[in-house]
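Next up, structure08.tsv (TSV, C-alpha atoms (C1' of nucleotides)):
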```
chain	number	residue	atom	x	y	z
A	1301	MET	CA	122.48	89.75	95.28
A	1302	PRO	CA	122.82	86.09	96.06
A	1303	GLU	CA	122.53	83.38	93.48
A	1304	LEU	CA	123.48	79.76	93.91
A	1305	PRO	CA	127.23	80.16	94.52
A	1306	GLU	CA	126.76	82.91	97.08
A	1307	VAL	CA	124.05	81.00	98.91
A	1308	GLU	CA	126.18	77.87	98.89
A	1309	VAL	CA	129.04	79.81	100.47
A	1310	VAL	CA	126.67	80.93	103.21
A	1311	ARG	CA	125.50	77.36	103.70
A	1312	ARG	CA	129.07	76.17	104.15
A	1313	GLY	CA	129.70	78.93	106.64
A	1314	LEU	CA	126.65	77.95	108.63
A	1315	GLU	CA	127.70	74.34	108.53
A	1316	ALA	CA	131.10	75.27	109.92
A	1317	HIS	CA	130.05	77.67	112.65
A	1318	VAL	CA	126.46	77.14	113.67
A	1319	ILE	CA	125.75	73.40	113.62
A	1320	GLY	CA	125.65	71.93	117.11
A	1321	ARG	CA	124.78	75.22	118.77
A	1322	ARG	CA	121.61	75.97	120.66
A	1323	ILE	CA	119.43	78.99	120.08
A	1324	VAL	CA	119.08	80.58	123.52
A	1325	GLN	CA	117.29	83.75	122.49
A	1326	VAL	CA	115.59	85.20	119.41
A	1327	GLU	CA	115.06	88.89	118.80
A	1328	VAL	CA	112.91	89.97	115.86
A	1329	ARG	CA	113.76	93.62	115.29
A	1330	HIS	CA	111.60	94.14	112.21
A	1331	PRO	CA	108.39	92.25	111.42
A	1332	ARG	CA	108.81	92.15	107.67
A	1333	PRO	CA	111.52	89.49	107.37
A	1334	VAL	CA	109.30	87.03	109.28
A	1335	ARG	CA	106.16	87.86	107.27
A	1336	ARG	CA	106.03	84.36	105.83
A	1337	HIS	CA	105.77	83.01	109.34
A	1338	LEU	CA	102.03	83.53	109.49
A	1339	ALA	CA	101.69	82.93	113.22
A	1340	GLY	CA	103.80	86.02	113.84
A	1341	ALA	CA	107.10	87.06	115.31
A	1342	ASP	CA	106.37	85.87	118.85
A	1343	ASP	CA	105.48	82.40	117.65
A	1344	PHE	CA	108.57	82.38	115.45
A	1345	ALA	CA	110.76	83.16	118.46
A	1346	ALA	CA	109.00	80.69	120.73
A	1347	LEU	CA	109.41	77.78	118.30
A	1348	LEU	CA	113.13	78.41	118.00
A	1349	THR	CA	114.14	79.26	121.54
A	1350	ASP	CA	116.11	76.42	123.21
A	1351	ARG	CA	116.25	74.41	119.99
A	1352	LEU	CA	119.43	72.81	118.70
A	1353	LEU	CA	120.66	73.57	115.17
A	1354	VAL	CA	121.61	70.28	113.57
A	1355	GLY	CA	122.34	71.04	109.92
A	1356	ALA	CA	122.59	73.56	107.10
A	1357	ARG	CA	121.01	72.66	103.78
A	1358	ARG	CA	120.17	74.34	100.51
A	1359	ARG	CA	117.80	74.02	97.57
A	1360	GLY	CA	118.39	76.59	94.86
A	1361	LYS	CA	118.58	79.92	96.63
A	1362	TYR	CA	116.73	78.70	99.72
A	1363	LEU	CA	118.56	77.69	102.88
A	1364	TRP	CA	117.23	75.75	105.81
A	1365	MET	CA	118.62	74.65	109.14
A	1366	PRO	CA	117.04	71.50	110.56
A	1367	LEU	CA	116.39	71.57	114.30
A	1368	ASP	CA	116.35	68.83	116.92
A	1369	SER	CA	112.56	69.33	117.05
A	1370	GLY	CA	112.15	68.09	113.47
A	1371	ASP	CA	111.22	71.59	112.36
A	1372	ALA	CA	113.56	73.82	110.39
A	1373	VAL	CA	114.49	77.47	110.10
A	1374	LEU	CA	113.84	78.37	106.49
A	1375	ALA	CA	115.73	81.33	105.03
A	1376	HIS	CA	115.87	83.23	101.79
A	1377	LEU	CA	118.30	86.11	101.28
A	1378	GLY	CA	116.23	87.89	98.66
A	1379	ARG	CA	118.20	90.57	96.87
A	1380	SER	CA	120.11	92.03	99.80
A	1381	GLY	CA	120.02	89.55	102.68
A	1382	GLN	CA	123.00	88.31	104.67
A	1383	LEU	CA	123.43	85.73	107.39
A	1384	LEU	CA	126.33	86.66	109.60
A	1385	VAL	CA	127.92	84.86	112.52
A	1386	GLN	CA	129.21	87.55	114.85
A	1387	PRO	CA	130.56	87.89	118.36
A	1388	ALA	CA	127.79	89.27	120.57
A	1389	ARG	CA	129.90	92.32	121.30
A	1390	ALA	CA	130.07	93.31	117.64
A	1391	PRO	CA	128.02	96.45	117.02
A	1392	ASP	CA	124.62	95.96	115.41
A	1393	GLU	CA	124.58	96.29	111.66
A	1394	ARG	CA	122.46	99.11	110.26
A	1395	HIS	CA	119.97	96.69	108.74
A	1396	LEU	CA	120.03	94.01	111.42
A	1397	ARG	CA	116.56	92.44	111.35
A	1398	VAL	CA	116.72	89.23	113.40
A	1399	ARG	CA	119.22	88.18	116.06
A	1400	PHE	CA	119.76	84.62	117.32
A	1401	SER	CA	121.85	84.36	120.47
A	1402	LEU	CA	123.67	81.05	120.41
A	1403	GLY	CA	124.74	78.72	123.22
A	1404	HIS	CA	126.44	75.36	123.60
A	1405	ALA	CA	124.60	72.16	122.77
A	1406	ALA	CA	124.75	70.97	126.35
A	1407	GLY	CA	124.59	73.94	128.67
A	1408	PRO	CA	122.15	76.84	128.83
A	1409	GLY	CA	124.70	79.67	128.82
A	1410	PRO	CA	125.40	81.78	125.74
A	1411	THR	CA	128.68	81.36	123.89
A	1412	GLY	CA	128.89	85.04	123.09
A	1413	LEU	CA	128.13	84.18	119.49
A	1414	GLU	CA	125.21	85.38	117.43
A	1415	LEU	CA	123.64	84.47	114.11
A	1416	ARG	CA	122.30	87.64	112.51
A	1417	PHE	CA	119.94	88.17	109.61
A	1418	VAL	CA	120.79	91.49	108.01
A	1419	ASP	CA	118.75	92.73	105.06
A	1420	GLN	CA	118.46	96.22	103.69
A	1421	ARG	CA	115.56	95.77	101.29
A	1422	MET	CA	113.79	92.93	103.08
A	1423	PHE	CA	112.75	90.93	100.05
A	1424	GLY	CA	114.28	88.04	101.91
A	1425	GLY	CA	113.05	86.47	105.10
A	1426	LEU	CA	112.92	83.73	107.70
A	1427	SER	CA	110.23	81.34	108.87
A	1428	VAL	CA	109.87	78.15	110.86
A	1429	SER	CA	108.89	75.21	108.71
A	1430	PRO	CA	106.96	72.66	110.80
A	1431	GLY	CA	108.40	69.22	110.16
A	1432	GLY	CA	110.61	70.71	107.49
A	1433	ALA	CA	113.91	69.23	108.57
A	1434	GLU	CA	114.24	66.97	105.53
A	1435	LEU	CA	112.76	69.30	102.90
A	1436	PRO	CA	110.45	72.13	103.90
A	1437	PRO	CA	107.09	71.67	102.13
A	1438	GLU	CA	107.09	75.42	101.45
A	1439	ILE	CA	109.84	74.90	98.88
A	1440	ALA	CA	108.74	71.59	97.42
A	1441	HIS	CA	108.00	73.42	94.15
A	1442	ILE	CA	111.62	74.57	93.77
A	1443	ALA	CA	113.52	72.47	91.23
A	1444	ARG	CA	116.96	71.02	91.88
A	1445	ASP	CA	119.90	73.14	90.81
A	1446	PRO	CA	122.37	72.29	88.00
A	1447	MET	CA	125.11	71.45	90.52
A	1448	ASP	CA	122.90	68.89	92.26
A	1449	PRO	CA	123.98	65.32	91.41
A	1450	LEU	CA	120.32	64.42	91.09
A	1451	PHE	CA	119.57	67.21	88.61
A	1452	ASP	CA	117.88	65.68	85.59
A	1453	ASP	CA	119.25	67.19	82.37
A	1454	ASP	CA	116.72	65.42	80.17
A	1455	LEU	CA	113.85	66.66	82.27
A	1456	PHE	CA	115.18	70.21	82.00
A	1457	VAL	CA	115.37	69.92	78.22
A	1458	ARG	CA	111.86	68.48	77.94
A	1459	ARG	CA	110.28	71.07	80.18
A	1460	THR	CA	112.08	73.98	78.53
A	1461	ARG	CA	111.04	72.90	75.06
A	1462	ARG	CA	107.43	72.96	76.16
A	1463	ARG	CA	107.63	76.62	77.10
A	1464	ALA	CA	106.79	79.48	74.80
A	1465	SER	CA	108.90	81.92	76.78
A	1466	GLY	CA	112.34	83.34	76.22
A	1467	ILE	CA	115.13	81.11	77.46
A	1468	LYS	CA	116.30	83.73	79.92
A	1469	ARG	CA	112.93	83.89	81.59
A	1470	ILE	CA	112.87	80.10	81.75
A	1471	LEU	CA	116.32	80.04	83.37
A	1472	LEU	CA	115.03	82.40	86.04
A	1473	ASP	CA	111.98	80.22	86.72
A	1474	GLN	CA	112.98	78.37	89.87
A	1475	THR	CA	110.45	75.61	89.24
A	1476	VAL	CA	112.32	74.59	86.07
A	1477	VAL	CA	115.88	75.00	87.28
A	1478	SER	CA	116.90	76.63	90.55
A	1479	GLY	CA	119.81	78.73	91.70
A	1480	VAL	CA	120.16	80.76	88.50
A	1481	GLY	CA	119.64	84.51	88.86
A	1482	ASN	CA	119.97	87.53	86.61
A	1483	ILE	CA	123.76	87.59	86.50
A	1484	TYR	CA	124.48	83.93	85.93
A	1485	ALA	CA	121.63	83.68	83.43
A	1486	ASP	CA	123.27	86.39	81.31
A	1487	GLU	CA	126.71	84.87	81.72
A	1488	ALA	CA	125.52	81.37	80.84
A	1489	LEU	CA	123.69	82.62	77.74
A	1490	TRP	CA	126.77	84.52	76.60
A	1491	ARG	CA	128.90	81.41	76.95
A	1492	ALA	CA	126.31	79.30	75.14
A	1493	GLN	CA	125.99	82.02	72.49
A	1494	LEU	CA	122.23	82.21	72.76
A	1495	HIS	CA	120.02	85.28	72.99
A	1496	GLY	CA	117.73	85.34	76.02
A	1497	ASP	CA	114.67	85.98	73.87
A	1498	ARG	CA	115.03	82.71	71.97
A	1499	LEU	CA	111.90	80.74	72.75
A	1500	GLY	CA	112.23	77.49	74.66
A	1501	THR	CA	109.97	75.79	72.12
A	1502	ARG	CA	112.41	76.66	69.34
A	1503	LEU	CA	115.65	75.56	70.93
A	1504	ARG	CA	117.39	72.32	70.09
A	1505	PRO	CA	118.36	69.88	72.85
A	1506	THR	CA	122.04	70.47	72.07
A	1507	GLU	CA	121.60	74.20	72.54
A	1508	LEU	CA	119.90	73.64	75.87
A	1509	ARG	CA	122.62	71.28	77.01
A	1510	ARG	CA	125.11	73.97	76.08
A	1511	VAL	CA	123.32	76.44	78.34
A	1512	LEU	CA	123.33	73.96	81.19
A	1513	ALA	CA	127.02	73.27	80.79
A	1514	ALA	CA	127.71	77.00	80.66
A	1515	ALA	CA	125.67	77.65	83.80
A	1516	ARG	CA	127.65	74.96	85.60
A	1517	GLU	CA	130.96	76.48	84.49
A	1518	VAL	CA	130.03	79.96	85.62
A	1519	MET	CA	128.75	78.78	88.95
A	1520	ALA	CA	131.68	76.50	89.61
A	1521	ALA	CA	134.07	79.38	88.93
A	1522	ALA	CA	132.18	81.70	91.27
A	1523	LEU	CA	132.13	79.01	93.92
A	1524	ARG	CA	135.87	78.53	93.64
A	1525	GLU	CA	136.45	82.23	94.22
A	1526	GLY	CA	133.82	82.74	96.90
A	1527	GLY	CA	134.49	79.53	98.70
A	1528	THR	CA	137.77	80.78	100.10
A	1529	SER	CA	136.39	83.67	102.10
A	1530	PHE	CA	134.08	81.96	104.58
A	1531	ASP	CA	136.84	80.68	106.78
A	1532	ALA	CA	136.69	83.54	109.23
A	1533	LEU	CA	134.24	83.56	112.07
A	1534	TYR	CA	131.81	85.09	109.76
A	1535	VAL	CA	129.36	83.53	107.43
A	1536	ASN	CA	130.31	85.33	104.27
A	1537	VAL	CA	128.36	87.11	101.72
A	1538	ASN	CA	129.60	90.55	102.34
A	1539	GLY	CA	126.86	92.38	100.61
A	1540	GLU	CA	128.58	93.65	97.54
A	1541	SER	CA	131.33	91.06	97.70
A	1542	GLY	CA	132.50	91.70	94.15
A	1543	TYR	CA	134.60	88.58	93.95
A	1544	PHE	CA	132.82	87.54	90.79
A	1545	ASP	CA	133.47	90.81	88.98
A	1546	ARG	CA	136.67	89.65	87.39
A	1547	SER	CA	135.10	86.68	85.69
A	1548	LEU	CA	132.03	88.38	84.25
A	1549	HIS	CA	131.91	88.59	80.46
A	1550	VAL	CA	128.69	90.52	79.88
A	1551	TYR	CA	126.89	91.43	83.06
A	1552	GLY	CA	127.23	95.15	83.82
A	1553	ARG	CA	129.45	95.71	80.79
A	1554	GLU	CA	127.22	97.80	78.56
A	1555	GLY	CA	129.18	99.45	75.76
A	1556	ARG	CA	132.37	97.53	76.49
A	1557	PRO	CA	133.80	95.15	73.90
A	1558	CYS	CA	132.72	91.53	73.91
A	1559	ASP	CA	135.58	89.33	75.15
A	1560	ARG	CA	134.98	86.99	72.23
A	1561	CYS	CA	134.36	89.23	69.22
A	1562	GLY	CA	134.90	92.84	70.32
A	1563	THR	CA	131.36	94.01	69.55
A	1564	ALA	CA	129.91	96.45	72.09
A	1565	ILE	CA	127.83	94.74	74.78
A	1566	ARG	CA	124.19	95.80	74.79
A	1567	ARG	CA	121.85	96.34	77.70
A	1568	VAL	CA	118.08	96.05	77.48
A	1569	ALA	CA	115.33	96.35	80.08
A	1570	PHE	CA	114.04	93.00	81.27
A	1571	MET	CA	111.62	92.22	84.08
A	1572	ASN	CA	112.30	95.46	85.95
A	1573	ARG	CA	116.03	95.03	85.67
A	1574	SER	CA	118.56	94.54	82.88
A	1575	SER	CA	119.80	91.96	80.44
A	1576	TYR	CA	123.25	92.17	78.91
A	1577	PHE	CA	124.31	90.37	75.75
A	1578	CYS	CA	126.62	90.52	72.76
A	1579	PRO	CA	124.49	91.36	69.70
A	1580	ARG	CA	126.89	89.47	67.42
A	1581	CYS	CA	127.62	86.31	69.43
A	1582	GLN	CA	124.03	86.17	70.61
A	1583	PRO	CA	121.87	87.27	67.70
A	1584	PRO	CA	118.30	88.12	68.71
A	1585	PRO	CA	115.60	85.89	67.24
A	1586	ARG	CA	113.90	87.17	64.13
A	1587	VAL	CA	110.70	89.03	64.73
A	1588	ARG	CA	107.75	88.52	62.44
A	1589	ARG	CA	104.44	90.31	62.46
A	1590	ALA	CA	101.65	88.51	64.21
A	1591	SER	CA	99.12	87.30	61.65
A	1592	ALA	CA	95.40	88.14	61.40
A	1593	THR	CA	94.95	90.41	64.40
A	1594	GLY	CA	98.09	92.31	63.55
A	1595	SER	CA	98.58	93.22	67.17
A	1596	GLY	CA	102.29	93.48	67.61
A	1597	THR	CA	105.04	91.05	66.88
A	1598	VAL	CA	106.31	87.77	68.16
A	1599	PRO	CA	109.84	86.43	68.22
A	1600	VAL	CA	110.26	83.39	66.05
B	938	DC	C1'	96.19	76.40	81.82
B	939	DA	C1'	100.36	79.35	80.51
B	940	DT	C1'	102.48	83.61	80.35
B	941	DA	C1'	103.79	88.65	81.02
B	942	DG	C1'	103.78	92.28	84.11
B	943	DA	C1'	103.30	94.54	88.58
B	944	DT	C1'	104.71	94.54	93.15
B	945	DC	C1'	106.92	94.26	97.86
B	946	DC	C1'	111.20	97.62	100.32
B	947	DT	C1'	115.29	100.68	101.10
B	948	DG	C1'	119.20	102.82	99.47
B	949	DT	C1'	122.55	104.92	96.16
B	950	DA	C1'	123.91	107.05	91.92
B	951	DT	C1'	122.89	110.18	88.40
B	952	DG	C1'	120.85	114.06	85.92
B	953	DC	C1'	118.47	118.48	85.71
C	1074	DT	C1'	121.77	122.34	97.00
C	1075	DG	C1'	117.24	120.23	96.10
C	1076	DC	C1'	114.54	117.19	93.77
C	1077	DA	C1'	113.22	113.53	90.47
C	1078	DT	C1'	114.31	109.39	88.33
C	1079	DA	C1'	116.61	105.00	87.39
C	1080	DC	C1'	118.44	101.08	89.11
C	1081	DA	C1'	119.88	97.21	92.36
C	1082	DG	C1'	122.21	89.84	91.94
C	1083	DG	C1'	114.26	87.72	93.74
C	1084	DA	C1'	109.93	85.48	94.25
C	1085	DT	C1'	105.18	85.73	94.07
C	1086	DC	C1'	100.78	87.40	93.20
C	1087	DT	C1'	97.50	89.07	89.62
C	1088	DA	C1'	95.66	90.04	85.22
C	1089	DT	C1'	95.10	88.53	80.59
```
As C-alpha cells, the full file:
Amino acid sequence: MPELPEVEVVRRGLEAHVIGRRIVQVEVRHPRPVRRHLAGADDFAALLTDRLLVGARRRGKYLWMPLDSGDAVLAHLGRSGQLLVQPARAPDERHLRVRFSLGHAAGPGPTGLELRFVDQRMFGGLSVSPGGAELPPEIAHIARDPMDPLFDDDLFVRRTRRRASGIKRILLDQTVVSGVGNIYADEALWRAQLHGDRLGTRLRPTELRRVLAAAREVMAAALREGGTSFDALYVNVNGESGYFDRSLHVYGREGRPCDRCGTAIRRVAFMNRSSYFCPRCQPPPRVRRASATGSGTVPV
DNA sequence: CATAGATCCTGTATGC
DNA sequence: TGCATACAGGATCTAT
C-alpha cells in the first residue's frame, strides 16, 4: 500500500510523536516481521530496550529512527504495514506484530503511549541497523527519491537509457529511483503519455524528464492530501486510506473513460499485479518479430 | 553482467 | 453454502 507520499506521512507522524521518547519495553508478537534481524527477536528487543529515539528519517519507502546508541530501527511497511502511535489502553489491532512501550526521555516510567507495527501480510518488517543512525548500510543501494533535493535528474536519465527494460519496470527499480510504486508509476506514465513497455534504451531525455516531472506532480498532490491527516495522536496510514482515490487518472479504472481523451482505460497483467493505461494517449511500442531464432517478439 | 519471473504471507472479493 | 481462483499500493532471490 505505501509509496513515497504515504511513507513520508508516516515519517512526519513519527517525528511529531515519537522523537525524544524512550523505548521501555519491546514485545515481538510474530517472528516474521523481524526476520531481517538475523540475530533474532530477543536480540532485537534487547538492543532497543532503554534506548532513546532521536529522529525519523526516510529513503524511498524505507524509514529509520536513529537511536542515542548510534544504531537505528529500520522499518519497511511492505504492502500492508502500518506504524501507529496509540495509547496503551487501546485494544490490540488484529494484525499487531510488534509493540514498543514508550517512556519519557528522562525517567524510566511509561507514558502510556505505544508505537505499534501492524501488518496483515508481513511483507514489511523491522530490524536494528548497527551504526545505522546516519544511513543504514542495509539500504545503501536504494536510490534517492524524486522529491529529494539531491536527486540527480541527469543521472536518472543516463541510467534509464542504459536499460533494455520497459520504463515502468525501471521506475519500480528502487536502485534507479526510489519511492515510486505500482500506482504512482502508472499515474506518472499516464501524465507523461508514455506506455510502460517503452524501453529505457529507446526513450529520449525529454521524455524521461517528462516522466520525472509527472512523478513529482503526482506525489506532491498525494502528499498535500495525506499530509493533513497525521495531526491526531496517531501516525497515519490507515490501511486503505483512500485519500488518493480522487486524484487517480488511470489506476484501478479499467474500462472507464480516459480523463484526457475518453478512450477506455486498459488493464494488463504485470509482475503479478496490474498495469493501467490509456491505449490512445499511451500507445504501446511496436512489436517486431525477433530475427534469426524466431523465438517470440520484442518491443521496439 | 543484465533481465524476467517466482516467491514470501494473509485476507477479501468474485465466480461457479 | 462451499469451494476455487484472482487479486492486493513490495523487495529480493533465482534462473536464464
Contacts of DT949 (chain B) within 12 Å, all atoms listed in the file, excl. fewer than 4 positions in-chain, as a list in words: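 The neighbour list is DA1079, DC1080 and DA1081 of chain C.
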Pairwise distance, CA of Pro1333 (chain A) with CA of Leu1402 (chain A), equals 19.7 Å
What's around Asn1482 (chain A) at 9 Å? Count all atoms listed in the file, leave out sequence neighbours fewer than 4 positions away in its own chain, and write the answer as a list of chain:residue names. A:Glu1303, A:Lys1468, A:Leu1471, A:Leu1472, A:Asp1486, A:Glu1487, A:Tyr1551, A:Arg1573, A:Ser1574, A:Ser1575, C:DG1082
Atoms to include: C-alpha atoms (C1' of nucleotides). Write the selected residues as a compact mmCIF listing (two decimals), in the coordinates of the input.
```txt
# COMPACT_ATOMS: atom_id res chain seq x y z
CA GLU A 1303 122.53 83.38 93.48
CA LYS A 1468 116.30 83.73 79.92
CA LEU A 1471 116.32 80.04 83.37
CA LEU A 1472 115.03 82.40 86.04
CA ASP A 1486 123.27 86.39 81.31
CA GLU A 1487 126.71 84.87 81.72
CA TYR A 1551 126.89 91.43 83.06
CA ARG A 1573 116.03 95.03 85.67
CA SER A 1574 118.56 94.54 82.88
CA SER A 1575 119.80 91.96 80.44
C1' DG C 1082 122.21 89.84 91.94
```
Report as an mmCIF file with C-alpha atoms, in the frame of the given file all protein, DNA and RNA residues lying within 7 Å of Leu1377 (chain A), evaluated on only C-alpha atoms (C1' of nucleotides), omitting residues in the same chain fewer than 3 positions from it.
```cif
data_model
loop_
_atom_site.group_PDB
_atom_site.id
_atom_site.type_symbol
_atom_site.label_atom_id
_atom_site.label_comp_id
_atom_site.auth_asym_id
_atom_site.auth_seq_id
_atom_site.Cartn_x
_atom_site.Cartn_y
_atom_site.Cartn_z
ATOM 1 C CA PRO A 1302 122.820 86.090 96.060
ATOM 2 C CA SER A 1380 120.110 92.030 99.800
ATOM 3 C CA GLY A 1381 120.020 89.550 102.680
ATOM 4 C CA GLN A 1382 123.000 88.310 104.670
ATOM 5 C CA GLY A 1424 114.280 88.040 101.910
ATOM 6 C CA GLY A 1425 113.050 86.470 105.100
#
```
Any idea which chain B residues end up within 8 Å of chain A if we count only C-alpha atoms (C1' of nucleotides), as a PDB file with C-alpha atoms (C1' of nucleotides), in the coordinates of the input please?
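Output contents, as saved in result24.pdb:
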```pdb
ATOM      1  C1'  DT B 940     102.480  83.610  80.350  1.00  0.00           C
ATOM      2  C1'  DG B 942     103.780  92.280  84.110  1.00  0.00           C
ATOM      3  C1'  DC B 945     106.920  94.260  97.860  1.00  0.00           C
ATOM      4  C1'  DC B 946     111.200  97.620 100.320  1.00  0.00           C
ATOM      5  C1'  DT B 947     115.290 100.680 101.100  1.00  0.00           C
ATOM      6  C1'  DG B 948     119.200 102.820  99.470  1.00  0.00           C
TER       7       DG B 948
END
```
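Atom pair CA of Arg1336 (chain A) / C1' of DA941 (chain B) has a distance of 25.3 Å (rounded to one decimal).
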Counting only C-alpha atoms (C1' of nucleotides), which of A:Glu1327, A:Leu1435, A:Arg1462, A:His1441 gets nearest to DA939 (chain B)?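 Closest residue, counting only C-alpha atoms (C1' of nucleotides): A:Arg1462.
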The centre and edge lengths of an axis-aligned box containing all atoms of region 1573-1578 of chain A present in the file, extended by 8 Å on each side, are to be given in Å to one decimal, as JSON.
```
{"center_x": 121.3, "center_y": 92.7, "center_z": 79.2, "size_x": 26.6, "size_y": 20.7, "size_z": 28.9}
```
Quick one: residues within 10 Å of Asp1559 (chain A), only C-alpha atoms (C1' of nucleotides) counted, chain neighbours fewer than 5 positions away excluded, as a ChimeraX atom specification? /A:1548-1550,1564-1565,1578
Could you please determine the separation between CA of Gly1360 (chain A) and CA of Val1326 (chain A) in Å, to one decimal place?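 The value is 26.2 Å.
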For Ser1478 (chain A), list every protein, DNA or RNA residue within 8 Å, evaluated using only C-alpha atoms (C1' of nucleotides), and leave out those in the same chain fewer than 5 positions away; present the list as a ChimeraX atom specification. /A:1359-1361,1442-1446,1471-1473
At a cut-off of 10 Å from (123.7, 77.4, 124.5) in the coordinates of the file, what residues are picked up using all atoms listed in the file, written as JSON, numbers by chain? {"A": [1320, 1321, 1322, 1323, 1324, 1325, 1350, 1351, 1352, 1401, 1402, 1403, 1404, 1405, 1406, 1407, 1408, 1409, 1410, 1411, 1412, 1413]}
Between A:Thr1501, A:Ser1369, A:Thr1460, A:Thr1475, which has the minimum distance to chain C (counting all atoms listed in the file)? A:Thr1475
Could you please fill out region 1472-1489 of chain A with N, CA and C atoms and send it back as an mmCIF file, in the frame of the given file?
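Output (out29.cif):
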```cif
data_model
loop_
_atom_site.group_PDB
_atom_site.id
_atom_site.type_symbol
_atom_site.label_atom_id
_atom_site.label_comp_id
_atom_site.auth_asym_id
_atom_site.auth_seq_id
_atom_site.Cartn_x
_atom_site.Cartn_y
_atom_site.Cartn_z
ATOM 1 N N LEU A 1472 115.298 81.738 84.763
ATOM 2 C CA LEU A 1472 115.030 82.400 86.040
ATOM 3 C C LEU A 1472 113.834 81.787 86.763
ATOM 4 N N ASP A 1473 113.136 80.875 86.095
ATOM 5 C CA ASP A 1473 111.980 80.220 86.720
ATOM 6 C C ASP A 1473 112.483 79.085 87.618
ATOM 7 N N GLN A 1474 112.385 79.295 88.908
ATOM 8 C CA GLN A 1474 112.980 78.370 89.870
ATOM 9 C C GLN A 1474 112.268 77.023 89.933
ATOM 10 N N THR A 1475 111.112 76.920 89.253
ATOM 11 C CA THR A 1475 110.450 75.610 89.240
ATOM 12 C C THR A 1475 110.970 74.745 88.089
ATOM 13 N N VAL A 1476 111.734 75.358 87.183
ATOM 14 C CA VAL A 1476 112.320 74.590 86.070
ATOM 15 C C VAL A 1476 113.767 74.223 86.408
ATOM 16 N N VAL A 1477 114.511 75.222 86.832
ATOM 17 C CA VAL A 1477 115.880 75.000 87.280
ATOM 18 C C VAL A 1477 116.133 76.059 88.347
ATOM 19 N N SER A 1478 116.758 75.677 89.450
ATOM 20 C CA SER A 1478 116.900 76.630 90.550
ATOM 21 C C SER A 1478 118.333 77.124 90.670
ATOM 22 N N GLY A 1479 118.476 78.215 91.386
ATOM 23 C CA GLY A 1479 119.810 78.730 91.700
ATOM 24 C C GLY A 1479 120.315 79.760 90.719
ATOM 25 N N VAL A 1480 119.706 79.816 89.523
ATOM 26 C CA VAL A 1480 120.160 80.760 88.500
ATOM 27 C C VAL A 1480 119.447 82.093 88.696
ATOM 28 N N GLY A 1481 120.199 83.176 88.750
ATOM 29 C CA GLY A 1481 119.640 84.510 88.860
ATOM 30 C C GLY A 1481 120.030 85.351 87.661
ATOM 31 N N ASN A 1482 119.788 86.636 87.756
ATOM 32 C CA ASN A 1482 119.970 87.530 86.610
ATOM 33 C C ASN A 1482 121.398 87.525 86.063
ATOM 34 N N ILE A 1483 122.369 87.533 86.955
ATOM 35 C CA ILE A 1483 123.760 87.590 86.500
ATOM 36 C C ILE A 1483 124.194 86.299 85.814
ATOM 37 N N TYR A 1484 123.993 85.189 86.492
ATOM 38 C CA TYR A 1484 124.480 83.930 85.930
ATOM 39 C C TYR A 1484 123.663 83.507 84.721
ATOM 40 N N ALA A 1485 122.411 83.946 84.635
ATOM 41 C CA ALA A 1485 121.630 83.680 83.430
ATOM 42 C C ALA A 1485 122.296 84.373 82.240
ATOM 43 N N ASP A 1486 122.619 85.653 82.407
ATOM 44 C CA ASP A 1486 123.270 86.390 81.310
ATOM 45 C C ASP A 1486 124.618 85.773 80.954
ATOM 46 N N GLU A 1487 125.380 85.427 81.971
ATOM 47 C CA GLU A 1487 126.710 84.870 81.720
ATOM 48 C C GLU A 1487 126.619 83.509 81.021
ATOM 49 N N ALA A 1488 125.669 82.683 81.449
ATOM 50 C CA ALA A 1488 125.520 81.370 80.840
ATOM 51 C C ALA A 1488 125.076 81.500 79.381
ATOM 52 N N LEU A 1489 124.171 82.436 79.117
ATOM 53 C CA LEU A 1489 123.690 82.620 77.740
ATOM 54 C C LEU A 1489 124.798 83.168 76.841
#
```
